[in-house]
>>> print(open('data_36.pdb').read())   # PDB, C-alpha atoms, pLDDT in the B column
ATOM      1  CA  MET P   1      36.936  36.338 116.876  1.00 50.00           C
ATOM      2  CA  ALA P   2      36.801  34.772 113.402  1.00 46.00           C
ATOM      3  CA  ASP P   3      38.820  31.835 114.639  1.00 53.00           C
ATOM      4  CA  ALA P   4      36.341  31.196 117.419  1.00 50.00           C
ATOM      5  CA  LYS P   5      33.462  31.161 114.990  1.00 49.00           C
ATOM      6  CA  ALA P   6      35.301  28.761 112.705  1.00 52.00           C
ATOM      7  CA  THR P   7      36.007  26.444 115.608  1.00 52.00           C
ATOM      8  CA  THR P   8      32.366  26.481 116.641  1.00 53.00           C
ATOM      9  CA  ARG P   9      31.211  25.646 113.080  1.00 57.00           C
ATOM     10  CA  THR P  10      33.682  22.783 112.860  1.00 56.00           C
ATOM     11  CA  ALA P  11      32.451  21.324 116.176  1.00 55.00           C
ATOM     12  CA  ALA P  12      28.841  21.605 115.060  1.00 51.00           C
ATOM     13  CA  LYS P  13      29.605  19.753 111.793  1.00 55.00           C
ATOM     14  CA  ARG P  14      31.377  17.011 113.692  1.00 57.00           C
ATOM     15  CA  ALA P  15      28.415  16.638 116.068  1.00 51.00           C
ATOM     16  CA  ALA P  16      25.978  16.453 113.155  1.00 51.00           C
ATOM     17  CA  THR P  17      28.148  13.811 111.470  1.00 52.00           C
ATOM     18  CA  THR P  18      28.274  11.769 114.673  1.00 49.00           C
ATOM     19  CA  THR P  19      24.523  11.998 115.142  1.00 47.00           C
ATOM     20  CA  THR P  20      23.887  10.863 111.567  1.00 46.00           C
ATOM     21  CA  THR P  21      26.301   7.947 111.949  1.00 46.00           C
ATOM     22  CA  GLU P  22      24.643   6.784 115.184  1.00 48.00           C
ATOM     23  CA  ALA P  23      21.170   7.041 113.633  1.00 45.00           C
ATOM     24  CA  LYS P  24      21.992   4.732 110.711  1.00 49.00           C
ATOM     25  CA  PRO P  25      21.943   1.476 112.778  1.00 49.00           C
ATOM     26  CA  THR P  26      18.516   2.402 114.030  1.00 52.00           C
ATOM     27  CA  VAL P  27      17.206   2.682 110.463  1.00 49.00           C
ATOM     28  CA  LYS P  28      18.759  -0.692 109.573  1.00 51.00           C
ATOM     29  CA  ALA P  29      17.234  -2.315 112.625  1.00 50.00           C
ATOM     30  CA  THR P  30      13.867  -0.904 111.677  1.00 50.00           C
ATOM     31  CA  ARG P  31      14.144  -2.329 108.170  1.00 56.00           C
ATOM     32  CA  ALA P  32      15.201  -5.731 109.561  1.00 52.00           C
ATOM     33  CA  ALA P  33      12.224  -5.741 111.901  1.00 51.00           C
ATOM     34  CA  ALA P  34       9.949  -4.832 109.007  1.00 48.00           C
ATOM     35  CA  LYS P  35      11.295  -7.763 106.964  1.00 52.00           C
ATOM     36  CA  SER P  36      10.747 -10.205 109.826  1.00 52.00           C
ATOM     37  CA  THR P  37       7.064  -9.281 110.250  1.00 51.00           C
ATOM     38  CA  PRO P  38       5.811 -11.165 107.134  1.00 50.00           C
ATOM     39  CA  ALA P  39       7.515 -14.308 108.467  1.00 48.00           C
ATOM     40  CA  LYS P  40       5.356 -14.153 111.585  1.00 49.00           C
ATOM     41  CA  LYS P  41       2.283 -13.658 109.466  1.00 49.00           C
ATOM     42  CA  THR P  42       3.270 -16.644 107.339  1.00 50.00           C
ATOM     43  CA  VAL P  43       3.632 -18.846 110.447  1.00 48.00           C
ATOM     44  CA  THR P  44       0.278 -17.648 111.744  1.00 53.00           C
ATOM     45  CA  ALA P  45      -1.378 -18.391 108.418  1.00 52.00           C
ATOM     46  CA  ALA P  46       0.123 -21.885 108.377  1.00 50.00           C
ATOM     47  CA  ALA P  47      -1.174 -22.509 111.891  1.00 50.00           C
ATOM     48  CA  LYS P  48      -4.641 -21.391 110.832  1.00 52.00           C
ATOM     49  CA  LYS P  49      -4.555 -23.760 107.867  1.00 53.00           C
ATOM     50  CA  ALA P  50      -3.513 -26.647 110.137  1.00 52.00           C
ATOM     51  CA  ALA P  51      -6.317 -25.992 112.637  1.00 52.00           C
ATOM     52  CA  PRO P  52      -9.183 -27.229 110.419  1.00 51.00           C
ATOM     53  CA  ALA P  53      -7.244 -30.427 109.751  1.00 50.00           C
ATOM     54  CA  LYS P  54      -7.256 -31.205 113.476  1.00 51.00           C
ATOM     55  CA  LYS P  55     -10.985 -30.560 113.655  1.00 51.00           C
ATOM     56  CA  VAL P  56     -11.629 -32.911 110.749  1.00 47.00           C
ATOM     57  CA  ALA P  57      -9.527 -35.611 112.402  1.00 49.00           C
ATOM     58  CA  ALA P  58     -11.500 -35.213 115.616  1.00 50.00           C
ATOM     59  CA  THR P  59     -14.765 -35.444 113.704  1.00 53.00           C
ATOM     60  CA  LYS P  60     -13.752 -38.693 112.019  1.00 55.00           C
ATOM     61  CA  ALA P  61     -12.985 -40.406 115.345  1.00 59.00           C
ATOM     62  CA  GLU P  62     -15.443 -43.232 116.108  1.00 63.00           C
ATOM     63  CA  PRO P  63     -17.916 -42.545 118.956  1.00 62.00           C
ATOM     64  CA  VAL P  64     -17.461 -44.493 122.172  1.00 63.00           C
ATOM     65  CA  LYS P  65     -19.998 -47.317 122.404  1.00 64.00           C
ATOM     66  CA  LYS P  66     -22.033 -47.424 125.596  1.00 63.00           C
ATOM     67  CA  ALA P  67     -22.436 -50.675 127.490  1.00 56.00           C
ATOM     68  CA  PRO P  68     -25.850 -52.320 126.982  1.00 56.00           C
ATOM     69  CA  ARG P  69     -28.343 -51.571 129.712  1.00 52.00           C
ATOM     70  CA  LYS P  70     -29.071 -54.484 132.007  1.00 55.00           C
ATOM     71  CA  PRO P  71     -32.740 -55.525 132.197  1.00 63.00           C
ATOM     72  CA  THR P  72     -34.465 -54.786 135.495  1.00 83.00           C
ATOM     73  CA  THR P  73     -36.998 -57.611 135.228  1.00 84.00           C
ATOM     74  CA  VAL P  74     -36.788 -61.346 134.632  1.00 83.00           C
ATOM     75  CA  ILE P  75     -39.251 -64.077 133.764  1.00 86.00           C
ATOM     76  CA  CYS P  76     -39.849 -66.442 136.661  1.00 83.00           C
ATOM     77  CA  PRO P  77     -39.265 -70.007 135.396  1.00 83.00           C
ATOM     78  CA  LEU P  78     -41.737 -71.365 137.953  1.00 80.00           C
ATOM     79  CA  SER P  79     -44.790 -69.152 137.405  1.00 76.00           C
ATOM     80  CA  GLY P  80     -44.035 -67.401 134.117  1.00 80.00           C
ATOM     81  CA  PHE P  81     -44.502 -63.980 135.764  1.00 77.00           C
ATOM     82  CA  GLU P  82     -42.338 -61.033 134.787  1.00 83.00           C
ATOM     83  CA  VAL P  83     -40.855 -60.004 138.129  1.00 79.00           C
ATOM     84  CA  LYS P  84     -38.220 -57.622 139.395  1.00 82.00           C
ATOM     85  CA  PRO P  85     -35.498 -59.149 141.613  1.00 84.00           C
ATOM     86  CA  GLU P  86     -35.411 -57.518 145.035  1.00 84.00           C
ATOM     87  CA  LYS P  87     -33.511 -57.519 148.300  1.00 87.00           C
ATOM     88  CA  PRO P  88     -34.933 -59.444 151.285  1.00 86.00           C
ATOM     89  CA  GLY P  89     -35.685 -56.322 153.310  1.00 87.00           C
ATOM     90  CA  LEU P  90     -35.780 -58.215 156.624  1.00 92.00           C
ATOM     91  CA  SER P  91     -34.360 -56.656 159.756  1.00 94.00           C
ATOM     92  CA  PRO P  92     -31.692 -58.548 161.724  1.00 94.00           C
ATOM     93  CA  LYS P  93     -34.139 -58.947 164.611  1.00 96.00           C
ATOM     94  CA  THR P  94     -36.770 -60.514 162.342  1.00 96.00           C
ATOM     95  CA  ILE P  95     -34.221 -62.859 160.781  1.00 96.00           C
ATOM     96  CA  GLU P  96     -33.038 -63.973 164.214  1.00 96.00           C
ATOM     97  CA  ARG P  97     -36.620 -64.672 165.288  1.00 96.00           C
ATOM     98  CA  LEU P  98     -37.330 -66.696 162.154  1.00 97.00           C
ATOM     99  CA  LYS P  99     -34.051 -68.562 162.581  1.00 97.00           C
ATOM    100  CA  ASP P 100     -35.108 -69.660 166.074  1.00 97.00           C
ATOM    101  CA  SER P 101     -38.398 -70.867 164.613  1.00 96.00           C
ATOM    102  CA  LEU P 102     -36.527 -72.829 161.947  1.00 97.00           C
ATOM    103  CA  LEU P 103     -34.355 -74.545 164.518  1.00 97.00           C
ATOM    104  CA  GLU P 104     -37.392 -75.525 166.575  1.00 97.00           C
ATOM    105  CA  GLU P 105     -39.124 -76.887 163.489  1.00 96.00           C
ATOM    106  CA  ARG P 106     -36.032 -78.818 162.545  1.00 97.00           C
ATOM    107  CA  THR P 107     -35.764 -80.505 165.942  1.00 97.00           C
ATOM    108  CA  ARG P 108     -39.429 -81.493 165.848  1.00 97.00           C
ATOM    109  CA  HIS P 109     -39.326 -82.924 162.342  1.00 98.00           C
ATOM    110  CA  VAL P 110     -36.080 -84.797 162.921  1.00 98.00           C
ATOM    111  CA  GLN P 111     -37.674 -86.518 165.908  1.00 97.00           C
ATOM    112  CA  GLN P 112     -40.850 -87.198 163.958  1.00 97.00           C
ATOM    113  CA  ALA P 113     -38.959 -88.738 161.048  1.00 97.00           C
ATOM    114  CA  ALA P 114     -36.988 -90.964 163.412  1.00 97.00           C
ATOM    115  CA  ASP P 115     -40.099 -92.111 165.328  1.00 96.00           C
ATOM    116  CA  LEU P 116     -42.008 -92.974 162.155  1.00 96.00           C
ATOM    117  CA  GLN P 117     -39.047 -94.852 160.726  1.00 95.00           C
ATOM    118  CA  ALA P 118     -38.729 -96.858 163.958  1.00 95.00           C
ATOM    119  CA  GLU P 119     -42.445 -97.671 163.900  1.00 94.00           C
ATOM    120  CA  ALA P 120     -42.221 -98.840 160.297  1.00 93.00           C
ATOM    121  CA  ASP P 121     -39.277-101.062 161.157  1.00 93.00           C
ATOM    122  CA  GLN P 122     -41.216-102.559 164.067  1.00 92.00           C
ATOM    123  CA  LEU P 123     -44.211-103.342 161.849  1.00 90.00           C
ATOM    124  CA  ALA P 124     -41.908-105.030 159.362  1.00 88.00           C
ATOM    125  CA  ALA P 125     -40.427-107.182 162.135  1.00 87.00           C
ATOM    126  CA  GLU P 126     -43.863-108.193 163.335  1.00 82.00           C
ATOM    127  CA  ARG P 127     -44.945-109.040 159.800  1.00 76.00           C
ATOM    128  CA  GLU P 128     -41.901-111.247 159.231  1.00 73.00           C
ATOM    129  CA  GLY P 129     -42.242-113.069 162.596  1.00 63.00           C
ATOM    130  CA  GLY P 130     -45.968-113.851 162.288  1.00 58.00           C
ATOM    131  CA  ASP P 131     -47.847-116.672 160.586  1.00 50.00           C
ATOM    132  CA  THR P 132     -47.912-115.684 156.949  1.00 48.00           C
ATOM    133  CA  GLN P 133     -50.774-118.019 156.065  1.00 46.00           C
ATOM    134  CA  PHE P 134     -52.891-116.768 158.951  1.00 45.00           C
ATOM    135  CA  ASP P 135     -52.139-113.168 158.159  1.00 51.00           C
ATOM    136  CA  GLU P 136     -53.134-113.568 154.539  1.00 51.00           C
ATOM    137  CA  GLU P 137     -56.412-115.310 155.390  1.00 53.00           C
ATOM    138  CA  SER P 138     -57.433-112.796 158.062  1.00 51.00           C
ATOM    139  CA  GLY P 139     -56.228-109.786 156.132  1.00 52.00           C
ATOM    140  CA  GLU P 140     -54.011-108.686 159.004  1.00 59.00           C
ATOM    141  CA  GLY P 141     -50.930-108.835 156.795  1.00 62.00           C
ATOM    142  CA  ASP P 142     -52.389-106.269 154.385  1.00 77.00           C
ATOM    143  CA  THR P 143     -53.214-103.926 157.272  1.00 85.00           C
ATOM    144  CA  ILE P 144     -49.688-104.115 158.629  1.00 86.00           C
ATOM    145  CA  ASN P 145     -48.243-103.387 155.188  1.00 89.00           C
ATOM    146  CA  ILE P 146     -50.507-100.372 154.759  1.00 92.00           C
ATOM    147  CA  GLU P 147     -49.564 -98.982 158.166  1.00 93.00           C
ATOM    148  CA  ARG P 148     -45.878 -99.547 157.475  1.00 93.00           C
ATOM    149  CA  GLU P 149     -46.052 -97.813 154.092  1.00 94.00           C
ATOM    150  CA  ARG P 150     -47.905 -94.914 155.687  1.00 95.00           C
ATOM    151  CA  ASP P 151     -45.218 -94.563 158.364  1.00 95.00           C
ATOM    152  CA  LEU P 152     -42.465 -94.664 155.775  1.00 96.00           C
ATOM    153  CA  LEU P 153     -44.219 -91.987 153.706  1.00 96.00           C
ATOM    154  CA  LEU P 154     -44.695 -89.694 156.690  1.00 96.00           C
ATOM    155  CA  SER P 155     -41.099 -90.243 157.767  1.00 96.00           C
ATOM    156  CA  ALA P 156     -39.849 -89.290 154.304  1.00 97.00           C
ATOM    157  CA  SER P 157     -42.074 -86.196 154.321  1.00 97.00           C
ATOM    158  CA  ALA P 158     -40.673 -85.115 157.690  1.00 97.00           C
ATOM    159  CA  GLN P 159     -37.120 -85.658 156.422  1.00 97.00           C
ATOM    160  CA  GLN P 160     -37.900 -83.553 153.348  1.00 97.00           C
ATOM    161  CA  ILE P 161     -38.965 -80.674 155.587  1.00 97.00           C
ATOM    162  CA  VAL P 162     -35.709 -81.063 157.505  1.00 97.00           C
ATOM    163  CA  ASP P 163     -33.824 -80.698 154.223  1.00 97.00           C
ATOM    164  CA  GLU P 164     -35.833 -77.568 153.345  1.00 97.00           C
ATOM    165  CA  ILE P 165     -35.071 -76.101 156.762  1.00 98.00           C
ATOM    166  CA  ASP P 166     -31.371 -76.756 156.255  1.00 98.00           C
ATOM    167  CA  ARG P 167     -31.507 -74.895 152.922  1.00 97.00           C
ATOM    168  CA  ALA P 168     -33.301 -71.995 154.615  1.00 97.00           C
ATOM    169  CA  LEU P 169     -30.555 -71.812 157.237  1.00 97.00           C
ATOM    170  CA  GLU P 170     -27.988 -71.724 154.436  1.00 97.00           C
ATOM    171  CA  ARG P 171     -29.853 -68.814 152.810  1.00 96.00           C
ATOM    172  CA  ILE P 172     -29.772 -66.942 156.110  1.00 96.00           C
ATOM    173  CA  ALA P 173     -26.012 -67.415 156.241  1.00 95.00           C
ATOM    174  CA  GLY P 174     -25.694 -66.286 152.607  1.00 94.00           C
ATOM    175  CA  GLY P 175     -27.924 -63.210 152.983  1.00 93.00           C
ATOM    176  CA  THR P 176     -30.614 -64.374 150.531  1.00 93.00           C
ATOM    177  CA  TYR P 177     -33.215 -65.600 153.014  1.00 96.00           C
ATOM    178  CA  GLY P 178     -36.697 -64.255 152.292  1.00 94.00           C
ATOM    179  CA  LEU P 179     -36.397 -64.269 148.493  1.00 94.00           C
ATOM    180  CA  CYS P 180     -38.326 -66.462 146.074  1.00 92.00           C
ATOM    181  CA  LEU P 181     -35.737 -68.873 144.722  1.00 90.00           C
ATOM    182  CA  PRO P 182     -36.692 -68.998 141.018  1.00 86.00           C
ATOM    183  CA  ALA P 183     -36.469 -65.240 140.329  1.00 85.00           C
ATOM    184  CA  GLY P 184     -35.520 -63.374 143.510  1.00 89.00           C
ATOM    185  CA  ARG P 185     -38.920 -61.881 144.295  1.00 88.00           C
ATOM    186  CA  ARG P 186     -39.503 -60.909 147.927  1.00 91.00           C
ATOM    187  CA  ILE P 187     -41.544 -63.350 150.050  1.00 93.00           C
ATOM    188  CA  ASN P 188     -44.122 -61.726 152.322  1.00 92.00           C
ATOM    189  CA  LEU P 189     -43.295 -61.746 156.013  1.00 94.00           C
ATOM    190  CA  GLU P 190     -46.678 -63.324 156.811  1.00 94.00           C
ATOM    191  CA  ARG P 191     -45.779 -66.350 154.688  1.00 94.00           C
ATOM    192  CA  LEU P 192     -42.364 -66.681 156.317  1.00 95.00           C
ATOM    193  CA  GLU P 193     -43.903 -66.547 159.773  1.00 95.00           C
ATOM    194  CA  ALA P 194     -46.369 -69.303 158.833  1.00 94.00           C
ATOM    195  CA  LEU P 195     -43.798 -71.345 156.889  1.00 95.00           C
ATOM    196  CA  PRO P 196     -40.280 -70.127 157.745  1.00 96.00           C
ATOM    197  CA  TYR P 197     -38.626 -72.548 155.307  1.00 96.00           C
ATOM    198  CA  ALA P 198     -40.744 -71.357 152.330  1.00 94.00           C
ATOM    199  CA  GLU P 199     -38.721 -71.158 149.118  1.00 93.00           C
ATOM    200  CA  THR P 200     -41.309 -69.453 146.895  1.00 91.00           C
ATOM    201  CA  CYS P 201     -43.678 -66.494 147.217  1.00 89.00           C
ATOM    202  CA  VAL P 202     -47.455 -66.988 147.315  1.00 88.00           C
ATOM    203  CA  ASP P 203     -48.071 -65.754 143.765  1.00 86.00           C
ATOM    204  CA  CYS P 204     -45.445 -67.953 142.134  1.00 84.00           C
ATOM    205  CA  LYS P 205     -46.540 -70.996 144.149  1.00 84.00           C
ATOM    206  CA  ALA P 206     -50.221 -70.544 143.269  1.00 85.00           C
ATOM    207  CA  ARG P 207     -49.519 -69.858 139.603  1.00 81.00           C
ATOM    208  CA  ALA P 208     -47.267 -72.885 139.328  1.00 77.00           C
ATOM    209  CA  GLU P 209     -49.942 -75.132 140.867  1.00 80.00           C
ATOM    210  CA  ARG P 210     -52.579 -73.828 138.435  1.00 80.00           C
ATOM    211  CA  ARG P 211     -50.294 -74.555 135.479  1.00 72.00           C
ATOM    212  CA  ARG P 212     -49.960 -78.225 136.397  1.00 68.00           C
TER     213      ARG P 212
END
>>> encode(input="data_36.pdb", output="structure tokens")
Amino acid sequence: MADAKATTRTAAKRAATTTTTEAKPTVKATRAAAKSTPAKKTVTAAAKKAAPAKKVAATKAEPVKKAPRKPTTVICPLSGFEVKPEKPGLSPKTIERLKDSLLEERTRHVQQAADLQAEADQLAAEREGGDTQFDEESGEGDTINIERERDLLLSASAQQIVDEIDRALERIAGGTYGLCLPAGRRINLERLEALPYAETCVDCKARAERRR
């Protein structure tokens, strides 16, 4: 019976010794973990110190400059008005109708210019083939010269309109028909219907004539 008790006590001591031995690494690990904690705090503190430096650097960066705003109005070189450039605002149907009118006007003025030029040439031929002395005494030579000069002037005027019509047709092709040429102001439809090759609006035209 005494031997059994002794054996039991010996086994209990051995178990206690084993338990103590196994617990020691746990205590060491705990101490190691405790030592490593300040290192994390040190890293965190360093990161916090570095954060304001980044903010300062961002503050010192130069602001992005905005592009200058484009003016919405211009000064018309013809009239001196301050105007706002616009789009023509004409429908395709209206443009087609005005284009037909331009073509008709062109045909008429081309024929007129040719007829007046031919008449002036005929008057010149008659003046050269006649009796110069007689013409000068009767005054007929002066009359022929006046008529010829008038025909030449009217022919040149008709040809000028033809040139203006050609420019209007070019503006139709370029998509700028219906705008006042000097500054891009819209020409009223009523003016275009009356003068389809008009290059200026009513206001700019009238102001320019008053300034002369």
>>> atom_distance(input="data_36.pdb", atom1="atom CA of Thr200 of chain P", atom2="atom CA of Cys180 of chain P")
4.3 Å
>>> residues_around(input="data_36.pdb", residues="segment 75-91 of chain P", least_positions_apart="6", cutoff="12 Å", atoms="all atoms listed in the file", output="PyMOL selection string")
chain P and resi 97-98+171-172+174-189+192+199-212
>>> resolve_selection(input="data_36.pdb", expression="the PyMOL selection byres ((chain P and resi 123) around 8)", output="ChimeraX atom specification")
/P:119-122,124-127,144-145,147-148
>>> atom_distance(input="data_36.pdb", atom1="atom CA of Gln117 of chain P", atom2="atom CA of Glu193 of chain P")
28.7 Å
>>> resolve_selection(input="data_36.pdb", expression="the PyMOL selection byres ((chain P and resi 165) around 9)", output="VMD selection string")
chain P and resid 102 to 103 105 to 106 160 to 164 166 to 170 196 to 198
>>> atom_distance(input="data_36.pdb", atom1="atom CA of Gln159 of chain P", atom2="atom CA of Ala114 of chain P")
8.8 Å
>>> closest_residue(input="data_36.pdb", among="P:Ser101, P:Thr73, P:Ser157, P:Thr143", to="Ala194 of chain P", atoms="only C-alpha atoms")
P:Ser101
>>> axis_aligned_box(input="data_36.pdb", around="segment 159-175 of chain P", padding_each_side="4 Å", output="AutoDock Vina command-line options")
--center_x -32.3 --center_y -74.4 --center_z 155.1 --size_x 21.3 --size_y 30.4 --size_z 12.9
>>> closest_residue(input="data_36.pdb", among="P:Lys99, P:Leu152, P:Leu195, P:Thr94", to="Asp115 of chain P", atoms="all atoms listed in the file")
P:Leu152
>>> build_atoms(input="data_36.pdb", residues="segment 88-108 of chain P", atoms="N, CA and C atoms", output="tab-separated table (two decimals), keeping the file's coordinate frame")
chain	number	residue	atom	x	y	z
P	88	PRO	N	-34.02	-58.87	150.30
P	88	PRO	CA	-34.93	-59.44	151.28
P	88	PRO	C	-35.70	-58.40	152.09
P	89	GLY	N	-35.01	-57.38	152.55
P	89	GLY	CA	-35.68	-56.32	153.31
P	89	GLY	C	-36.10	-56.73	154.71
P	90	LEU	N	-35.46	-57.76	155.27
P	90	LEU	CA	-35.78	-58.22	156.62
P	90	LEU	C	-34.76	-57.64	157.61
P	91	SER	N	-35.25	-57.20	158.74
P	91	SER	CA	-34.36	-56.66	159.76
P	91	SER	C	-33.60	-57.79	160.45
P	92	PRO	N	-32.44	-57.50	161.01
P	92	PRO	CA	-31.69	-58.55	161.72
P	92	PRO	C	-32.50	-59.19	162.85
P	93	LYS	N	-33.32	-58.41	163.52
P	93	LYS	CA	-34.14	-58.95	164.61
P	93	LYS	C	-35.16	-59.94	164.08
P	94	THR	N	-35.78	-59.61	162.94
P	94	THR	CA	-36.77	-60.51	162.34
P	94	THR	C	-36.11	-61.81	161.86
P	95	ILE	N	-34.94	-61.67	161.25
P	95	ILE	CA	-34.22	-62.86	160.78
P	95	ILE	C	-33.85	-63.77	161.95
P	96	GLU	N	-33.41	-63.17	163.04
P	96	GLU	CA	-33.04	-63.97	164.21
P	96	GLU	C	-34.26	-64.71	164.78
P	97	ARG	N	-35.40	-64.03	164.79
P	97	ARG	CA	-36.62	-64.67	165.29
P	97	ARG	C	-37.04	-65.83	164.39
P	98	LEU	N	-36.97	-65.63	163.09
P	98	LEU	CA	-37.33	-66.70	162.15
P	98	LEU	C	-36.32	-67.84	162.20
P	99	LYS	N	-35.07	-67.51	162.46
P	99	LYS	CA	-34.05	-68.56	162.58
P	99	LYS	C	-34.34	-69.46	163.78
P	100	ASP	N	-34.74	-68.86	164.91
P	100	ASP	CA	-35.11	-69.66	166.07
P	100	ASP	C	-36.29	-70.57	165.77
P	101	SER	N	-37.25	-70.05	165.00
P	101	SER	CA	-38.40	-70.87	164.61
P	101	SER	C	-37.98	-72.03	163.72
P	102	LEU	N	-37.04	-71.77	162.83
P	102	LEU	CA	-36.53	-72.83	161.95
P	102	LEU	C	-35.84	-73.93	162.75
P	103	LEU	N	-35.06	-73.54	163.71
P	103	LEU	CA	-34.35	-74.54	164.52
P	103	LEU	C	-35.33	-75.40	165.33
P	104	GLU	N	-36.39	-74.76	165.84
P	104	GLU	CA	-37.39	-75.53	166.58
P	104	GLU	C	-38.11	-76.51	165.65
P	105	GLU	N	-38.47	-76.01	164.46
P	105	GLU	CA	-39.12	-76.89	163.49
P	105	GLU	C	-38.22	-78.05	163.09
P	106	ARG	N	-36.96	-77.76	162.95
P	106	ARG	CA	-36.03	-78.82	162.54
P	106	ARG	C	-35.95	-79.92	163.60
P	107	THR	N	-35.84	-79.52	164.86
P	107	THR	CA	-35.76	-80.50	165.94
P	107	THR	C	-37.02	-81.38	165.98
P	108	ARG	N	-38.17	-80.75	165.79
P	108	ARG	CA	-39.43	-81.49	165.85
P	108	ARG	C	-39.54	-82.47	164.69
